[in-house]
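For reference, the structure discussed in these notes is given below.
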2 protein chains.
Amino acid sequence: MPRPTDAEFFDLGDLPLQSGGTLRGARLAYRTYGTLAEDRSNVIVHPTWFSAWHDANEWSIGPGLACDPDRYFVVVPNQLNNGLSSSPSTTPPPFDGPHFPLVTFHDQVEAQHRLLTGKWGIETVELVLGSSMGAGQTYQWAVSHPEMVRRAAPIVGSSRTSEHNQVFIKSLRAALTLDPAFRGGEYAPDARPTAGLRAFARIYAGWGLSQAFYWGREYRGMGFSSLEDFLVGFWEGFWLDPDRDPNNLLAMLWTWEHGDVGRTPGFDGDTEAALRSIRCPVVAMPARTDLYFPPEDEQWAAQFIPQGEVRVIDTTWGHFGGLGLNPADNAFVDANLKELLARPV
Amino acid sequence: MPRPTDAEFFDLGDLPLQSGGTLRGARLAYRTYGTLAEDRSNVIVHPTWFSAWHDANEWSIGPGLACDPDRYFVVVPNQLNNGLSSSPSTTPPPFDGPHFPLVTFHDQVEAQHRLLTGKWGIETVELVLGSSMGAGQTYQWAVSHPEMVRRAAPIVGSSRTSEHNQVFIKSLRAALTLDPAFRGGEYAPDARPTAGLRAFARIYAGWGLSQAFYWGREYRGMGFSSLEDFLVGFWEGFWLDPDRDPNNLLAMLWTWEHGDVGRTPGFDGDTEAALRSIRCPVVAMPARTDLYFPPEDEQWAAQFIPQGEVRVIDTTWGHFGGLGLNPADNAFVDANLKELLARPV
């Protein structure tokens with residue numbers, strides 16, 4: 001799946017960042033589905049996951065689904081650093097590549113808030129949902145803008161990236177940056193660190209799906225004939241996609257690694273206080289076999305959220321259970337989103 | 001923990017390998033604990049895990065423990081490729097380093113069988129036990145020499161390395177060999193691929209222990225003050241140990257990756273038939289939170305072993321739950337070993 005070409009762009013102007021840096025002349029890429037109601041009361045926000053573009057969320061958007069464009073105005077903002085929104089790869093010197101400033105989930109949501117309020121004058125959002133890093137942004141929306149968010153559904157993600165999850169991220173970074181072609185991020189466009197990306201892919205392959213997925217060789221249902229065929233054909237192919245720029249990946253990994261709603265201004269690192277401040281119902285959907293966002297992390301968070309609950313996706317697809325690849329899992333997620341949307345709040 | 005200096009050595013002569021190669025003038029390093037009975041009826045064999053030397057098994061050997069040297073003659077053979085037994089690092093050209101032939105679990109057990117029969121004339125073994133790759137060797141003993149093995153206790157390992165486990169192994173290999181200093185295995189002794197070993201360590205850190213271990217920051221009980229302190233101080237330190245040679249590690253990884261009792265001569269790849277051929281009681285002890293040798297793999301195997309059963313170590317220490325680091329887990333393992341040893345067979 002190459003990078004989609006149907007994005008629209010919103011000029012963010014200069015965006016101050018939590019890290020102290022500034023994104024100058026920043027742009028947010030987005031796509032919308034459906035029509036904004038005159039009273040702007042039908043908005044859904046659905047941020048993107050690690051390395052994904054807006055089209056990766058389209059499995060959850062369509063007539064008859066919870067995110068029904070006949071009823072809702074679904075905004076999918078591409079996260080900063082994904083290569084469509086302002087990113088290391090899209091920025092001219094001197095802030096290009098490895099010199100791009102660090103971006104937090106808080107910064108991501110501030111950019112999206114500018115889009116919603118600046119472009120459309122939106123004041124309330126019926127639902128924020130997102131998978132994986134999209135879940136991190138979902139939590140961030142609920143903490144940063146409790147006055148706007150009426151419901152939240154973080155899927156296979158968390159409100160604070162656990163230390164175990166951080167170890168996974170650090171291992172990805174260590175492998176990718178080990179490739180001498182990486183050159184501290186100063187690789188030439190035609191001399192990308194492909195060996196590093198292949199190692200990155202092999203690490204990811206162990207984490208993204210579960211023990212049971214591999215035991216059942218479920219990759220055969222995806223059109224792959226052996227483990228090696230799957231590792232090269234799917235995993236290496238995915239990360240070698242020339243539209244997935246290594247500096248962009250590393251920038252997003254940093255955001256992910258430092259995910260913590262407690263770092264929202266005003267909470268001084270107190271994650272529990274940040275979770276307690278959430279006003280809307282939150283239905284978290286971790287996957288039973290997710291190796292880096294296990295259900296336990298979400299159960300921990302839910303105990304602090306006044307209207308927090310956890311509904312576990314009972315799947316062997318691991319983390320991918322929440323990314324729209326497995327029809328049974330998609331149906332479970334969609335049914336829960338519909339129930340949440342039907343609730344008066 | 002540097003490599004121990006108290007090994008004894010047994011000359012294996014020329015050892016033909018399943019891969020078609022030959023280990024010429026091979027040596028097996030071992031240590032024994034206790035005294036061999038005159039009728040040679042008190043033998044326990046306890047092979048080593050990945051990268052470990054014989055001393056890593058000493059947590060399970062001692063007066064009052066199941067492996068009581070006052071009663072048993074405990075033989076700990078160092079697996080080939082661990083740097084004490086014949087290994088890439090101990091072999092002169094032309095079979096040195098990356099040119100060392102491939103070794104299977106079957107080959108490992110044939111070498112150990114030569115030691116037991118050739119040095120002591122041993123005909124029966126009361127118990128074979130081992131953790132991780134030691135469990136792979138335990139299963140192999142039970143399949144290769146059912147006439148000798150009276151009881152078997154594979155701990156946090158398996159009879160056939162699962163595909164998911166293989167992905168983990170492949171990711172380790174991809175990272176280590178990515179370091180330009182690796183030079184296809186032709187690195188100089190004073191120019192080892194240390195960056196590759198550090199990436200290797202970070203990958204391993206995510207797998208070796210569980211989500212719950214990191215969530216609880218249980219590394220603090222091991223003397224580490226932060227995640228990074230643990231990653232560098234424990235994990236990188238462990239793999240940077242100059243006695244852990246990269247070519248040796250890769251050679252052992254190959255053995256591990258290709259673990260499958262179905263590859264024992266005579267079974268033609270039929271793992272289930274190999275498991276059905278085991279005559280002795282087998283008490284498998286996987287750890288509940290083990291990420292790469294999950295209990296499900298052992299439950300699968302146990303259904304084919306006539307006297308097979310699974311007793312799960314209920315621990316948050318993941319794979320390490322079976323390596324002797326956590327006293328509560330050690331007590332569980334030891335109690336089960338005692339019960340197994342007490343059984344008339």
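Residues are named by chain letter and number: chains run A, B, ... in the order of the structure tokens, numbers start at 1 in each chain, and ligands are numbered from 1 in the order shown.
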
Exercise answer, chain B residues close to chain A, 10 Å and only C-alpha atoms, as a VMD selection string: chain B and resid 162 to 180 195 to 196 198 to 207 209 to 217 226 to 228 231 291 to 294 296 to 297

Write out as a PyMOL selection string each polymer residue whose atoms come within 9 Å of His258 of chain A, counting only C-alpha atoms; drop sequence neighbours fewer than 2 positions from it. chain A and resi 104-105+160-161+166+253-256+260+263

Using DSSP on the backbone coordinates, identify the residues of segment 136-193 of chain A assigned to strand (DSSP E); present them as a ChimeraX atom specification. /A:152-155

Okay, now the selection with N, CA and C atoms, as a compact mmCIF listing (two decimals), in the first residue's frame?
# COMPACT_ATOMS: atom_id res chain seq x y z
N ALA A 152 -14.69 8.46 24.14
CA ALA A 152 -13.35 8.09 23.67
C ALA A 152 -13.21 6.57 23.62
N ALA A 153 -12.56 6.10 22.57
CA ALA A 153 -12.36 4.65 22.41
C ALA A 153 -10.92 4.37 21.97
N PRO A 154 -10.03 4.25 22.94
CA PRO A 154 -8.65 3.86 22.60
C PRO A 154 -8.58 2.35 22.34
N ILE A 155 -8.01 1.99 21.21
CA ILE A 155 -7.95 0.59 20.76
C ILE A 155 -6.49 0.15 20.71

Neighbours of segment 117-126 of chain B within 12 Å (only C-alpha atoms; same-chain residues fewer than 5 positions away dropped), as a short mmCIF file (atom, residue, chain, number, x, y, z; two decimals) with all heavy atoms, in the first residue's frame?
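result-v9.cif, freshly written:
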data_model
loop_
_atom_site.label_atom_id
_atom_site.label_comp_id
_atom_site.auth_asym_id
_atom_site.auth_seq_id
_atom_site.Cartn_x
_atom_site.Cartn_y
_atom_site.Cartn_z
N GLU B 8 36.06 -29.68 33.46
CA GLU B 8 36.89 -30.78 32.98
C GLU B 8 36.54 -31.00 31.51
O GLU B 8 35.53 -30.50 31.03
CB GLU B 8 36.61 -32.04 33.81
CG GLU B 8 36.98 -31.85 35.28
CD GLU B 8 36.82 -33.14 36.06
OE1 GLU B 8 37.72 -34.00 35.97
OE2 GLU B 8 35.79 -33.28 36.74
N PHE B 9 37.38 -31.75 30.83
CA PHE B 9 37.19 -31.91 29.39
C PHE B 9 37.23 -33.37 28.99
O PHE B 9 38.05 -34.15 29.52
CB PHE B 9 38.27 -31.11 28.63
CG PHE B 9 38.13 -29.62 28.82
CD1 PHE B 9 38.76 -28.98 29.88
CD2 PHE B 9 37.33 -28.88 27.96
CE1 PHE B 9 38.61 -27.62 30.08
CE2 PHE B 9 37.18 -27.51 28.16
CZ PHE B 9 37.82 -26.88 29.21
N PHE B 10 36.38 -33.74 28.07
CA PHE B 10 36.35 -35.11 27.53
C PHE B 10 36.60 -35.03 26.03
O PHE B 10 35.94 -34.25 25.33
CB PHE B 10 34.98 -35.73 27.82
CG PHE B 10 34.83 -37.13 27.27
CD1 PHE B 10 35.48 -38.19 27.89
CD2 PHE B 10 34.07 -37.37 26.14
CE1 PHE B 10 35.34 -39.49 27.41
CE2 PHE B 10 33.94 -38.67 25.64
CZ PHE B 10 34.58 -39.73 26.27
N ASP B 11 37.55 -35.85 25.59
CA ASP B 11 37.84 -35.87 24.15
C ASP B 11 36.80 -36.71 23.42
O ASP B 11 36.66 -37.91 23.67
CB ASP B 11 39.24 -36.46 23.92
CG ASP B 11 40.32 -35.48 24.34
OD1 ASP B 11 40.10 -34.25 24.22
OD2 ASP B 11 41.38 -35.92 24.81
N LEU B 12 36.08 -36.04 22.55
CA LEU B 12 35.00 -36.71 21.80
C LEU B 12 35.52 -37.42 20.57
O LEU B 12 34.80 -38.21 19.95
CB LEU B 12 33.95 -35.68 21.36
CG LEU B 12 33.14 -35.04 22.48
CD1 LEU B 12 32.41 -33.80 21.95
CD2 LEU B 12 32.13 -36.03 23.05
N GLY B 13 36.75 -37.16 20.19
CA GLY B 13 37.23 -37.68 18.91
C GLY B 13 36.55 -36.94 17.78
O GLY B 13 36.24 -35.75 17.91
N LEU B 28 34.31 -31.97 24.90
CA LEU B 28 33.14 -31.58 25.67
C LEU B 28 33.60 -31.15 27.05
O LEU B 28 34.27 -31.90 27.76
CB LEU B 28 32.16 -32.75 25.77
CG LEU B 28 30.71 -32.37 26.10
CD1 LEU B 28 30.10 -31.56 24.96
CD2 LEU B 28 29.88 -33.64 26.33
N TYR B 30 32.69 -30.19 30.88
CA TYR B 30 31.61 -30.59 31.80
C TYR B 30 32.07 -30.35 33.22
O TYR B 30 33.25 -30.12 33.50
CB TYR B 30 31.25 -32.07 31.60
CG TYR B 30 32.37 -33.01 31.96
CD1 TYR B 30 32.44 -33.59 33.23
CD2 TYR B 30 33.38 -33.31 31.04
CE1 TYR B 30 33.49 -34.44 33.57
CE2 TYR B 30 34.42 -34.15 31.37
CZ TYR B 30 34.48 -34.71 32.64
OH TYR B 30 35.51 -35.53 32.98
N THR B 32 31.02 -32.14 37.17
CA THR B 32 30.18 -33.09 37.90
C THR B 32 30.07 -32.65 39.36
O THR B 32 30.95 -31.96 39.88
CB THR B 32 30.75 -34.52 37.86
OG1 THR B 32 32.00 -34.53 38.56
CG2 THR B 32 30.94 -34.98 36.42
N THR B 35 29.07 -37.99 43.68
CA THR B 35 29.90 -39.16 43.41
C THR B 35 29.08 -40.22 42.68
O THR B 35 27.95 -40.50 43.06
CB THR B 35 30.41 -39.75 44.75
OG1 THR B 35 31.05 -38.70 45.50
CG2 THR B 35 31.40 -40.87 44.50
N LEU B 36 29.68 -40.76 41.65
CA LEU B 36 28.99 -41.81 40.90
C LEU B 36 28.93 -43.08 41.75
O LEU B 36 29.96 -43.55 42.26
CB LEU B 36 29.76 -42.08 39.59
CG LEU B 36 29.17 -43.15 38.66
CD1 LEU B 36 27.77 -42.77 38.19
CD2 LEU B 36 30.09 -43.38 37.47
N ALA B 37 27.72 -43.62 41.90
CA ALA B 37 27.56 -44.85 42.67
C ALA B 37 28.27 -46.00 41.95
O ALA B 37 28.46 -45.98 40.73
CB ALA B 37 26.07 -45.17 42.83
N GLU B 38 28.64 -47.00 42.73
CA GLU B 38 29.36 -48.13 42.12
C GLU B 38 28.53 -48.78 41.02
O GLU B 38 29.07 -49.19 40.00
CB GLU B 38 29.69 -49.16 43.19
CG GLU B 38 31.10 -48.94 43.75
CD GLU B 38 31.54 -50.11 44.62
OE1 GLU B 38 31.33 -51.26 44.20
OE2 GLU B 38 32.09 -49.84 45.70
N ASP B 39 27.23 -48.87 41.23
CA ASP B 39 26.39 -49.48 40.20
C ASP B 39 25.90 -48.46 39.17
O ASP B 39 25.07 -48.76 38.33
CB ASP B 39 25.19 -50.19 40.84
CG ASP B 39 24.27 -49.20 41.57
OD1 ASP B 39 24.60 -47.98 41.60
OD2 ASP B 39 23.24 -49.64 42.10
N ARG B 40 26.45 -47.28 39.25
CA ARG B 40 26.15 -46.19 38.29
C ARG B 40 24.65 -45.92 38.19
O ARG B 40 24.12 -45.60 37.13
CB ARG B 40 26.69 -46.53 36.90
CG ARG B 40 28.16 -46.93 36.90
CD ARG B 40 28.65 -47.13 35.48
NE ARG B 40 29.92 -47.85 35.45
CZ ARG B 40 30.04 -49.18 35.38
NH1 ARG B 40 28.97 -49.93 35.31
NH2 ARG B 40 31.23 -49.73 35.37
N SER B 41 23.96 -45.98 39.28
CA SER B 41 22.49 -45.87 39.28
C SER B 41 22.00 -44.50 39.74
O SER B 41 20.81 -44.30 39.93
CB SER B 41 21.90 -46.93 40.22
OG SER B 41 22.26 -46.60 41.57
N ASN B 42 22.90 -43.56 39.93
CA ASN B 42 22.48 -42.29 40.55
C ASN B 42 22.82 -41.07 39.69
O ASN B 42 23.20 -40.03 40.20
CB ASN B 42 23.12 -42.16 41.95
CG ASN B 42 24.62 -41.97 41.89
OD1 ASN B 42 25.26 -42.40 40.92
ND2 ASN B 42 25.20 -41.33 42.91
N VAL B 43 22.63 -41.21 38.39
CA VAL B 43 23.09 -40.16 37.47
C VAL B 43 21.96 -39.19 37.13
O VAL B 43 20.83 -39.59 36.84
CB VAL B 43 23.65 -40.79 36.17
CG1 VAL B 43 24.03 -39.70 35.17
CG2 VAL B 43 24.82 -41.70 36.50
N ILE B 44 22.29 -37.92 37.20
CA ILE B 44 21.42 -36.85 36.68
C ILE B 44 22.20 -36.10 35.62
O ILE B 44 23.39 -35.81 35.83
CB ILE B 44 20.96 -35.89 37.81
CG1 ILE B 44 19.97 -36.60 38.75
CG2 ILE B 44 20.35 -34.62 37.23
CD1 ILE B 44 19.53 -35.76 39.94
N VAL B 45 21.57 -35.79 34.52
CA VAL B 45 22.21 -35.00 33.46
C VAL B 45 21.46 -33.68 33.32
O VAL B 45 20.22 -33.66 33.26
CB VAL B 45 22.21 -35.76 32.11
CG1 VAL B 45 22.84 -34.90 31.02
CG2 VAL B 45 22.96 -37.08 32.25
N HIS B 46 22.22 -32.61 33.28
CA HIS B 46 21.61 -31.27 33.35
C HIS B 46 22.31 -30.35 32.35
O HIS B 46 23.18 -29.56 32.71
CB HIS B 46 21.78 -30.75 34.79
CG HIS B 46 20.96 -29.54 35.13
ND1 HIS B 46 20.39 -28.73 34.20
CD2 HIS B 46 20.64 -29.01 36.34
CE1 HIS B 46 19.76 -27.75 34.81
NE2 HIS B 46 19.89 -27.89 36.10
N ALA B 66 16.66 -31.12 44.99
CA ALA B 66 16.39 -32.33 44.21
C ALA B 66 17.69 -32.90 43.66
O ALA B 66 17.96 -34.10 43.79
CB ALA B 66 15.41 -32.01 43.09
N CYS B 67 18.48 -32.05 43.05
CA CYS B 67 19.78 -32.48 42.52
C CYS B 67 20.80 -32.43 43.65
O CYS B 67 21.65 -31.54 43.71
CB CYS B 67 20.20 -31.61 41.35
SG CYS B 67 19.07 -31.65 39.95
N ARG B 71 23.51 -37.47 47.10
CA ARG B 71 22.82 -38.68 46.67
C ARG B 71 23.07 -38.98 45.19
O ARG B 71 23.21 -40.13 44.80
CB ARG B 71 21.31 -38.47 46.90
CG ARG B 71 20.49 -39.60 46.39
CD ARG B 71 19.08 -39.57 46.95
NE ARG B 71 18.30 -40.67 46.44
CZ ARG B 71 16.99 -40.78 46.56
NH1 ARG B 71 16.32 -39.85 47.21
NH2 ARG B 71 16.36 -41.83 46.05
N TYR B 72 23.11 -37.90 44.40
CA TYR B 72 23.21 -38.10 42.95
C TYR B 72 24.57 -37.67 42.42
O TYR B 72 25.27 -36.85 43.03
CB TYR B 72 22.11 -37.29 42.24
CG TYR B 72 20.71 -37.83 42.52
CD1 TYR B 72 19.86 -37.18 43.40
CD2 TYR B 72 20.27 -39.00 41.90
CE1 TYR B 72 18.59 -37.67 43.67
CE2 TYR B 72 19.01 -39.51 42.16
CZ TYR B 72 18.17 -38.83 43.04
OH TYR B 72 16.92 -39.34 43.31
N PHE B 73 24.84 -38.20 41.27
CA PHE B 73 26.01 -37.79 40.49
C PHE B 73 25.47 -36.92 39.35
O PHE B 73 24.88 -37.42 38.39
CB PHE B 73 26.72 -39.04 39.94
CG PHE B 73 27.96 -38.75 39.13
CD1 PHE B 73 29.06 -38.10 39.68
CD2 PHE B 73 28.04 -39.16 37.80
CE1 PHE B 73 30.21 -37.87 38.93
CE2 PHE B 73 29.18 -38.93 37.04
CZ PHE B 73 30.28 -38.28 37.61
N VAL B 74 25.62 -35.63 39.53
CA VAL B 74 25.02 -34.68 38.58
C VAL B 74 26.08 -34.28 37.56
O VAL B 74 27.13 -33.74 37.92
CB VAL B 74 24.48 -33.43 39.30
CG1 VAL B 74 23.78 -32.50 38.31
CG2 VAL B 74 23.55 -33.82 40.45
N VAL B 75 25.78 -34.55 36.30
CA VAL B 75 26.70 -34.20 35.22
C VAL B 75 26.12 -33.00 34.48
O VAL B 75 24.99 -33.06 33.99
CB VAL B 75 26.88 -35.37 34.23
CG1 VAL B 75 27.87 -34.98 33.13
CG2 VAL B 75 27.32 -36.63 34.96
N VAL B 109 23.36 -34.08 22.00
CA VAL B 109 23.09 -35.23 22.88
C VAL B 109 24.02 -36.39 22.53
O VAL B 109 24.46 -37.14 23.42
CB VAL B 109 21.61 -35.60 22.82
CG1 VAL B 109 21.35 -36.96 23.44
CG2 VAL B 109 20.79 -34.52 23.51
N GLU B 110 24.38 -36.56 21.26
CA GLU B 110 25.32 -37.63 20.93
C GLU B 110 26.67 -37.38 21.59
O GLU B 110 27.31 -38.31 22.07
CB GLU B 110 25.45 -37.78 19.41
CG GLU B 110 24.20 -38.40 18.79
CD GLU B 110 23.65 -39.56 19.65
OE1 GLU B 110 24.30 -40.60 19.75
OE2 GLU B 110 22.57 -39.37 20.25
N ALA B 111 27.07 -36.11 21.62
CA ALA B 111 28.34 -35.79 22.29
C ALA B 111 28.24 -36.11 23.78
O ALA B 111 29.16 -36.69 24.38
CB ALA B 111 28.67 -34.31 22.08
N GLN B 112 27.12 -35.76 24.39
CA GLN B 112 26.95 -36.01 25.82
C GLN B 112 26.85 -37.52 26.10
O GLN B 112 27.33 -38.00 27.13
CB GLN B 112 25.70 -35.27 26.32
CG GLN B 112 25.86 -33.74 26.23
CD GLN B 112 24.57 -32.97 26.40
OE1 GLN B 112 23.60 -33.47 26.95
NE2 GLN B 112 24.55 -31.73 25.91
N THR B 138 17.01 -31.86 26.82
CA THR B 138 16.30 -32.83 27.66
C THR B 138 15.34 -33.66 26.81
O THR B 138 15.32 -34.90 26.88
CB THR B 138 15.55 -32.10 28.78
OG1 THR B 138 16.50 -31.41 29.59
CG2 THR B 138 14.74 -33.06 29.63
N TRP B 141 17.31 -36.01 24.62
CA TRP B 141 17.77 -37.20 25.36
C TRP B 141 16.65 -38.24 25.44
O TRP B 141 16.85 -39.43 25.22
CB TRP B 141 18.20 -36.80 26.78
CG TRP B 141 19.67 -36.61 26.96
CD1 TRP B 141 20.35 -35.43 27.08
CD2 TRP B 141 20.66 -37.66 27.06
NE1 TRP B 141 21.69 -35.67 27.25
CE2 TRP B 141 21.91 -37.02 27.24
CE3 TRP B 141 20.61 -39.05 27.01
CZ2 TRP B 141 23.10 -37.73 27.37
CZ3 TRP B 141 21.81 -39.77 27.14
CH2 TRP B 141 23.03 -39.11 27.31
N ALA B 142 15.44 -37.78 25.77
CA ALA B 142 14.33 -38.71 25.97
C ALA B 142 13.94 -39.40 24.66
O ALA B 142 13.48 -40.55 24.67
CB ALA B 142 13.13 -37.97 26.56
N HIS B 145 17.50 -41.52 23.40
CA HIS B 145 17.96 -42.63 24.25
C HIS B 145 16.90 -43.03 25.26
O HIS B 145 17.11 -42.96 26.48
CB HIS B 145 19.28 -42.24 24.94
CG HIS B 145 20.38 -42.03 23.97
ND1 HIS B 145 20.98 -43.06 23.28
CD2 HIS B 145 20.94 -40.89 23.49
CE1 HIS B 145 21.88 -42.57 22.45
NE2 HIS B 145 21.89 -41.27 22.54
N PRO B 146 15.76 -43.49 24.76
CA PRO B 146 14.68 -43.91 25.68
C PRO B 146 15.11 -45.09 26.56
O PRO B 146 14.55 -45.27 27.64
CB PRO B 146 13.53 -44.28 24.73
CG PRO B 146 14.19 -44.56 23.42
CD PRO B 146 15.37 -43.66 23.36
N GLU B 147 16.10 -45.84 26.10
CA GLU B 147 16.56 -46.99 26.88
C GLU B 147 17.35 -46.55 28.11
O GLU B 147 17.54 -47.32 29.04
CB GLU B 147 17.43 -47.90 26.01
CG GLU B 147 18.86 -47.42 25.74
CD GLU B 147 18.99 -46.20 24.81
OE1 GLU B 147 17.95 -45.75 24.27
OE2 GLU B 147 20.11 -45.70 24.64
N MET B 148 17.80 -45.28 28.12
CA MET B 148 18.63 -44.81 29.23
C MET B 148 17.89 -43.88 30.18
O MET B 148 18.15 -43.88 31.38
CB MET B 148 19.84 -44.02 28.68
CG MET B 148 20.93 -44.89 28.08
SD MET B 148 22.32 -43.86 27.50
CE MET B 148 23.09 -43.38 29.05
N VAL B 149 16.99 -43.05 29.63
CA VAL B 149 16.42 -41.95 30.41
C VAL B 149 15.20 -42.42 31.19
O VAL B 149 14.22 -42.88 30.60
CB VAL B 149 16.06 -40.76 29.49
CG1 VAL B 149 15.44 -39.62 30.30
CG2 VAL B 149 17.28 -40.28 28.72
N ARG B 150 15.23 -42.29 32.49
CA ARG B 150 14.14 -42.78 33.33
C ARG B 150 13.14 -41.68 33.69
O ARG B 150 12.01 -41.96 34.03
CB ARG B 150 14.71 -43.42 34.60
CG ARG B 150 15.48 -44.71 34.27
CD ARG B 150 16.37 -45.14 35.42
NE ARG B 150 15.64 -45.46 36.62
CZ ARG B 150 15.11 -46.66 36.92
NH1 ARG B 150 15.27 -47.67 36.08
NH2 ARG B 150 14.46 -46.86 38.05
N ARG B 151 13.56 -40.43 33.64
CA ARG B 151 12.67 -39.30 33.92
C ARG B 151 13.23 -38.07 33.19
O ARG B 151 14.44 -37.94 33.04
CB ARG B 151 12.62 -38.96 35.42
CG ARG B 151 12.09 -40.07 36.32
CD ARG B 151 12.32 -39.70 37.78
NE ARG B 151 12.07 -40.83 38.66
CZ ARG B 151 12.94 -41.79 38.94
NH1 ARG B 151 14.15 -41.78 38.38
NH2 ARG B 151 12.62 -42.77 39.77
N ALA B 152 12.33 -37.18 32.81
CA ALA B 152 12.79 -35.97 32.12
C ALA B 152 12.00 -34.75 32.58
O ALA B 152 10.78 -34.84 32.78
CB ALA B 152 12.64 -36.13 30.60
N ALA B 153 12.70 -33.65 32.75
CA ALA B 153 12.06 -32.42 33.21
C ALA B 153 12.55 -31.23 32.38
O ALA B 153 13.51 -30.55 32.75
CB ALA B 153 12.33 -32.19 34.70
N CYS B 280 9.64 -42.45 29.16
CA CYS B 280 9.70 -42.09 30.57
C CYS B 280 8.68 -41.00 30.91
O CYS B 280 8.14 -40.34 30.02
CB CYS B 280 11.10 -41.59 30.91
SG CYS B 280 11.52 -40.00 30.18
N PRO B 281 8.40 -40.81 32.19
CA PRO B 281 7.59 -39.66 32.58
C PRO B 281 8.30 -38.36 32.26
O PRO B 281 9.52 -38.25 32.46
CB PRO B 281 7.40 -39.83 34.09
CG PRO B 281 8.18 -41.00 34.52
CD PRO B 281 8.81 -41.64 33.33
N LEU B 337 10.73 -31.34 40.85
CA LEU B 337 11.81 -32.28 40.54
C LEU B 337 11.88 -33.37 41.61
O LEU B 337 12.08 -34.56 41.31
CB LEU B 337 13.14 -31.54 40.46
CG LEU B 337 13.32 -30.55 39.30
CD1 LEU B 337 14.65 -29.81 39.44
CD2 LEU B 337 13.24 -31.27 37.95
N LYS B 338 11.71 -32.96 42.87
CA LYS B 338 11.75 -33.96 43.96
C LYS B 338 10.63 -34.98 43.80
O LYS B 338 10.83 -36.18 43.98
CB LYS B 338 11.61 -33.25 45.31
CG LYS B 338 12.93 -32.63 45.79
CD LYS B 338 12.73 -31.89 47.12
CE LYS B 338 14.07 -31.37 47.63
NZ LYS B 338 13.92 -30.11 48.37
N LEU B 340 9.14 -35.82 41.09
CA LEU B 340 9.43 -36.68 39.93
C LEU B 340 10.49 -37.72 40.28
O LEU B 340 10.35 -38.91 39.94
CB LEU B 340 9.88 -35.79 38.76
CG LEU B 340 10.28 -36.49 37.47
CD1 LEU B 340 9.13 -37.34 36.91
CD2 LEU B 340 10.74 -35.48 36.42
N LEU B 341 11.51 -37.29 40.98
CA LEU B 341 12.59 -38.23 41.34
C LEU B 341 12.10 -39.31 42.31
O LEU B 341 12.63 -40.42 42.32
CB LEU B 341 13.77 -37.46 41.96
CG LEU B 341 14.75 -36.85 40.97
CD1 LEU B 341 15.67 -35.85 41.67
CD2 LEU B 341 15.56 -37.95 40.27
N ALA B 342 11.10 -38.96 43.11
CA ALA B 342 10.61 -39.92 44.11
C ALA B 342 9.70 -40.98 43.47
O ALA B 342 9.41 -42.01 44.09
CB ALA B 342 9.84 -39.17 45.20
N ARG B 343 9.26 -40.72 42.26
CA ARG B 343 8.37 -41.68 41.61
C ARG B 343 9.10 -42.95 41.24
O ARG B 343 10.13 -42.89 40.58
CB ARG B 343 7.83 -41.09 40.30
CG ARG B 343 6.66 -40.21 40.49
CD ARG B 343 6.07 -39.96 39.11
NE ARG B 343 5.79 -38.55 38.97
CZ ARG B 343 5.30 -38.01 37.86
NH1 ARG B 343 5.09 -38.77 36.79
NH2 ARG B 343 5.05 -36.74 37.81
N PRO B 344 8.54 -44.10 41.58
CA PRO B 344 9.13 -45.33 41.04
C PRO B 344 8.84 -45.41 39.55
O PRO B 344 7.73 -45.11 39.12
CB PRO B 344 8.38 -46.44 41.80
CG PRO B 344 7.18 -45.81 42.41
CD PRO B 344 7.36 -44.33 42.40
N VAL B 345 9.85 -45.74 38.78
CA VAL B 345 9.64 -45.86 37.33
C VAL B 345 10.22 -47.18 36.83
O VAL B 345 11.04 -47.78 37.50
CB VAL B 345 10.28 -44.71 36.54
CG1 VAL B 345 9.55 -43.41 36.84
CG2 VAL B 345 11.77 -44.58 36.84
#

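When only C-alpha atoms are used to measure the gap to Leu15 of chain B, the shortest distance among B:Gly223, B:Pro69, B:Pro94, B:Pro101 belongs to B:Pro101.
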
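The coordinates place atom CA of Leu102 of chain A at 7.4 Å from atom CA of Gly21 of chain A.
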
Secondary structure check, helix (DSSP H, G or I) residues of segment 232-261 of chain A, as a PyMOL selection string: chain A and resi 232-240+246-257+261

With a distance cut-off of 6 Å and only C-alpha atoms, select the neighbouring residues of segment 299-314 of chain B, excluding the residue or stretch itself and same-chain residues fewer than 5 positions from it, and output the selection as a PyMOL selection string. chain B and resi 275-276+281-288

Extract, using only C-alpha atoms, all DNA, RNA and protein residues at most 10 Å from Ala56 of chain B, discarding same-chain residues fewer than 3 positions from it, and format them as an NGL selection string. :B and (1 or 3-4 or 48-49 or 51-53 or 59-60 or 76 or 323-325)

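Minimum atom-to-atom distance to Phe238 of chain B, evaluated using only C-alpha atoms, belongs to B:Thr194 out of B:Ile278, B:Val143, B:Arg114, B:Thr194.
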
Could you check how far atom CA of His54 of chain A sits from atom CA of Pro265 of chain A, in Å to one decimal? 27.6 Å

Applying 7 Å and only C-alpha atoms, which residues near Ala274 of chain A remain after dropping the ones on its own chain fewer than 5 positions away? List them as a list of chain:residue names.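 Result of the neighbour search: A:Val143, A:Val261, A:Gly262, A:Phe267.
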
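Taking atom CA of Thr22 of chain A and atom CA of Phe182 of chain A as the two end points, the separation is 25.2 Å.
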